[in-house]
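Chemist: Have a look at this one.
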Amino acid sequence: TLNFDFPTGVGHSIQRLAERLSASEGAVSASDIALDAIFEIFPVDRALIITRRMSTQGVVPEILASRTRPPSEDPTGQFDTIIPGLVLSTLCTDSRLSNANEATAAVRAALADRSTSPILVAPLRQRGETFGAIFLDAVMLPEWVQSDEMLEFLSSVGSMAALAISRARVQAELGVERRLALRQKVQLSRRTKKSTARDTAELDIGANGISESLR
């Protein structure tokens, strides 16, 4: 693991992150930006942003973005695909886990039998409900990374990322609704034109029939 000293300029990093997230387009873009900021500050080997997604099997975990250091390797070993689901189930079933300090303790306890590497977790919350998480792990973590100050920083990243992801999803849903409404409007217009043309043709036929009978 890389040897990092306690980072300076964390406050500037938060401000810069907020600016970049406000300009992000889409949930994946926002997730990538958040993980970029985390890798600038935290000496972790892996970072994930996990959210819930509806499928035919019900609610399933979805990894929106991921990072490893180095990018081509998995330093902590083969990632257990069950872990994202356990992280979400732990956080989403207890609304009291509202910050990185509480979430990290709860997830560490839940993963005690599966993960031996140090982990950090921040919940992604909107309107008092958890819909995802930032998950970090490493072969080793220095003590300062696990300090209250750094967990508070991670909570702030989680809050900003949650807002950006939620906003992007709402905009995407509105876009789908607008496209559907436009499609329905076009289809209605076409049906109306066809109906008008048919009525006009019938009137013409009727008028011609009357004209013939009057001759």
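Going through the structure tokens in order, the chains are called A, B, and so on, while each chain numbers its residues from 1 and the ligands are numbered from 1 in the order shown.
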As a VMD selection string, please: every residue in region 6-190 of chain A that DSSP puts in strand (DSSP E).
Modeler: chain A and resid 46 to 55 58 to 68 119 to 126 129 to 137
Chemist: Calculated over only C-alpha atoms, which of the candidates A:Ala164, A:Val170, A:Val44, A:Ala18 has the smallest distance to Met140 (chain A)?
Modeler: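 The shortest atom-to-atom distance to Met140 (chain A) comes from A:Val44.
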Chemist: Interatomic distance between CA of Thr68 (chain A) and CA of Ser155 (chain A)?
Modeler: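 Computing it gives 20.5 Å between the two atoms.
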Chemist: Which residues, written as a PDB file with C-alpha atoms, in the first residue's frame, have at least one atom at most 9 Å from Ser166 (chain A), with only C-alpha atoms counted and residues fewer than 4 positions away on the same chain left out?
Modeler:
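To be explicit, this is the file written out as around.pdb:
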```
ATOM      1  CA  ALA A  27     -25.454   8.963 -12.483  1.00  0.00           C
ATOM      2  CA  GLN A 126     -31.863  10.879  -0.143  1.00  0.00           C
ATOM      3  CA  ALA A 161     -22.605  12.065  -4.602  1.00  0.00           C
ATOM      4  CA  ALA A 162     -26.059  10.942  -3.434  1.00  0.00           C
ATOM      5  CA  VAL A 170     -34.779  12.153 -11.826  1.00  0.00           C
ATOM      6  CA  GLN A 171     -33.675  13.983 -14.965  1.00  0.00           C
TER       7      GLN A 171
END
```
Chemist: Which of these, A:Ala65, A:Thr56, A:Leu21, A:Leu120, has the shortest distance to Glu152 (chain A) once you count only C-alpha atoms?
Modeler: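 Residue with the minimum atom-to-atom distance to Glu152 (chain A): A:Leu120.
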Chemist: Give the answer as one residue: which of A:Ser66, A:Ser159, A:Thr130, A:Thr81 has the shortest atom-to-atom distance to Arg114 (chain A), using only C-alpha atoms?
Modeler: A:Thr81
Chemist: Please extract the residues of region 7-59 of chain A with a backbone DSSP assignment of alpha helix (DSSP H) and present them as a list of chain:residue names.
Modeler: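 Alpha helix (DSSP H) assignments inside region 7-59 of chain A correspond to A:Val10, A:Gly11, A:His12, A:Ser13, A:Ile14, A:Gln15, A:Arg16, A:Leu17, A:Ala18, A:Glu19, A:Arg20, A:Leu21, A:Ser22, A:Ala27, A:Val28, A:Ser29, A:Ala30, A:Ser31, A:Asp32, A:Ile33, A:Ala34, A:Leu35, A:Asp36, A:Ala37, A:Ile38, A:Phe39, A:Glu40, A:Ile41.
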Chemist: For Ala37 (chain A), list every protein, DNA or RNA residue within 10 Å, evaluated using only C-alpha atoms, and leave out those in the same chain fewer than 6 positions away; present the list as a list in words.
Modeler: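 Near neighbours after the sequence-gap exclusion: Ser13, Ile14, Arg16, Leu17, Arg20 and Val157 of chain A.
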Chemist: Convert the current residue selection to file output with C-alpha atoms, as a PDB file, in the first residue's frame.
Modeler:
```
ATOM      1  CA  SER A  13     -11.158  19.177  -2.444  1.00  0.00           C
ATOM      2  CA  ILE A  14     -14.749  19.302  -1.161  1.00  0.00           C
ATOM      3  CA  ARG A  16     -13.883  21.378  -6.158  1.00  0.00           C
ATOM      4  CA  LEU A  17     -15.883  18.137  -5.912  1.00  0.00           C
ATOM      5  CA  ARG A  20     -17.632  19.080 -10.626  1.00  0.00           C
ATOM      6  CA  VAL A 157     -18.491  12.974  -0.370  1.00  0.00           C
TER       7      VAL A 157
END
```
Chemist: Any idea what the distance is between CA of Val145 (chain A) and CA of Ala23 (chain A)?
Modeler: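 So the two atoms, CA of Val145 (chain A) and CA of Ala23 (chain A), lie 28.3 Å apart.
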Chemist: Which residues are close to Arg53 (chain A), i.e. within 10 Å by only C-alpha atoms, leaving aside same-chain residues fewer than 3 positions away? Reply as number ranges by chain.
Modeler: A: 50, 58-63, 131-132
Chemist: Keeping N, CA and C atoms for every residue in the selection just given, could you write it to a file as a PDB file, in the first residue's frame?
Modeler:
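Now in selection-v9.pdb:
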```
ATOM      1  N   ILE A  50     -22.053   1.684  -5.089  1.00  0.00           N
ATOM      2  CA  ILE A  50     -23.067   0.644  -5.256  1.00  0.00           C
ATOM      3  C   ILE A  50     -24.436   1.257  -5.009  1.00  0.00           C
ATOM      4  N   GLY A  58     -36.348  -8.539  -8.447  1.00  0.00           N
ATOM      5  CA  GLY A  58     -36.547  -7.639  -7.319  1.00  0.00           C
ATOM      6  C   GLY A  58     -35.433  -6.612  -7.255  1.00  0.00           C
ATOM      7  N   VAL A  59     -35.099  -6.167  -6.054  1.00  0.00           N
ATOM      8  CA  VAL A  59     -34.044  -5.175  -5.864  1.00  0.00           C
ATOM      9  C   VAL A  59     -32.691  -5.879  -5.845  1.00  0.00           C
ATOM     10  N   VAL A  60     -31.776  -5.447  -6.724  1.00  0.00           N
ATOM     11  CA  VAL A  60     -30.447  -6.050  -6.808  1.00  0.00           C
ATOM     12  C   VAL A  60     -29.398  -4.943  -6.748  1.00  0.00           C
ATOM     13  N   PRO A  61     -28.185  -5.259  -6.276  1.00  0.00           N
ATOM     14  CA  PRO A  61     -27.125  -4.243  -6.239  1.00  0.00           C
ATOM     15  C   PRO A  61     -26.574  -3.971  -7.636  1.00  0.00           C
ATOM     16  N   GLU A  62     -26.236  -2.723  -7.891  1.00  0.00           N
ATOM     17  CA  GLU A  62     -25.641  -2.326  -9.156  1.00  0.00           C
ATOM     18  C   GLU A  62     -24.396  -1.492  -8.861  1.00  0.00           C
ATOM     19  N   ILE A  63     -23.268  -1.854  -9.453  1.00  0.00           N
ATOM     20  CA  ILE A  63     -22.041  -1.089  -9.280  1.00  0.00           C
ATOM     21  C   ILE A  63     -21.998  -0.012 -10.360  1.00  0.00           C
ATOM     22  N   PHE A 131     -30.038   4.512  -0.456  1.00  0.00           N
ATOM     23  CA  PHE A 131     -30.243   3.828  -1.726  1.00  0.00           C
ATOM     24  C   PHE A 131     -28.936   3.291  -2.292  1.00  0.00           C
ATOM     25  N   GLY A 132     -27.835   3.493  -1.578  1.00  0.00           N
ATOM     26  CA  GLY A 132     -26.560   3.012  -2.074  1.00  0.00           C
ATOM     27  C   GLY A 132     -25.444   3.268  -1.078  1.00  0.00           C
TER      28      GLY A 132
END
```
Chemist: Show which residues sit within 8 Å of Leu136 (chain A), as a list in words. Count only C-alpha atoms, and ignore same-chain residues fewer than 6 positions away.
Modeler: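 Once the nearby chain positions are removed, what remains is Val44, Asp45, Arg46, Ala47, Leu48, Ile119, Leu120 and Val121 of chain A.
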Chemist: What does the distance from CA of Ala30 (chain A) to CA of Ile165 (chain A) come to in Å, to one decimal?
Modeler: 6.2 Å
Chemist: Nearest to Ser147 (chain A): which of A:Leu91, A:Asn101, A:Ile82, A:Glu25 is it, counting only C-alpha atoms?
Modeler: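 That would be A:Asn101, the residue with the smallest distance to Ser147 (chain A).
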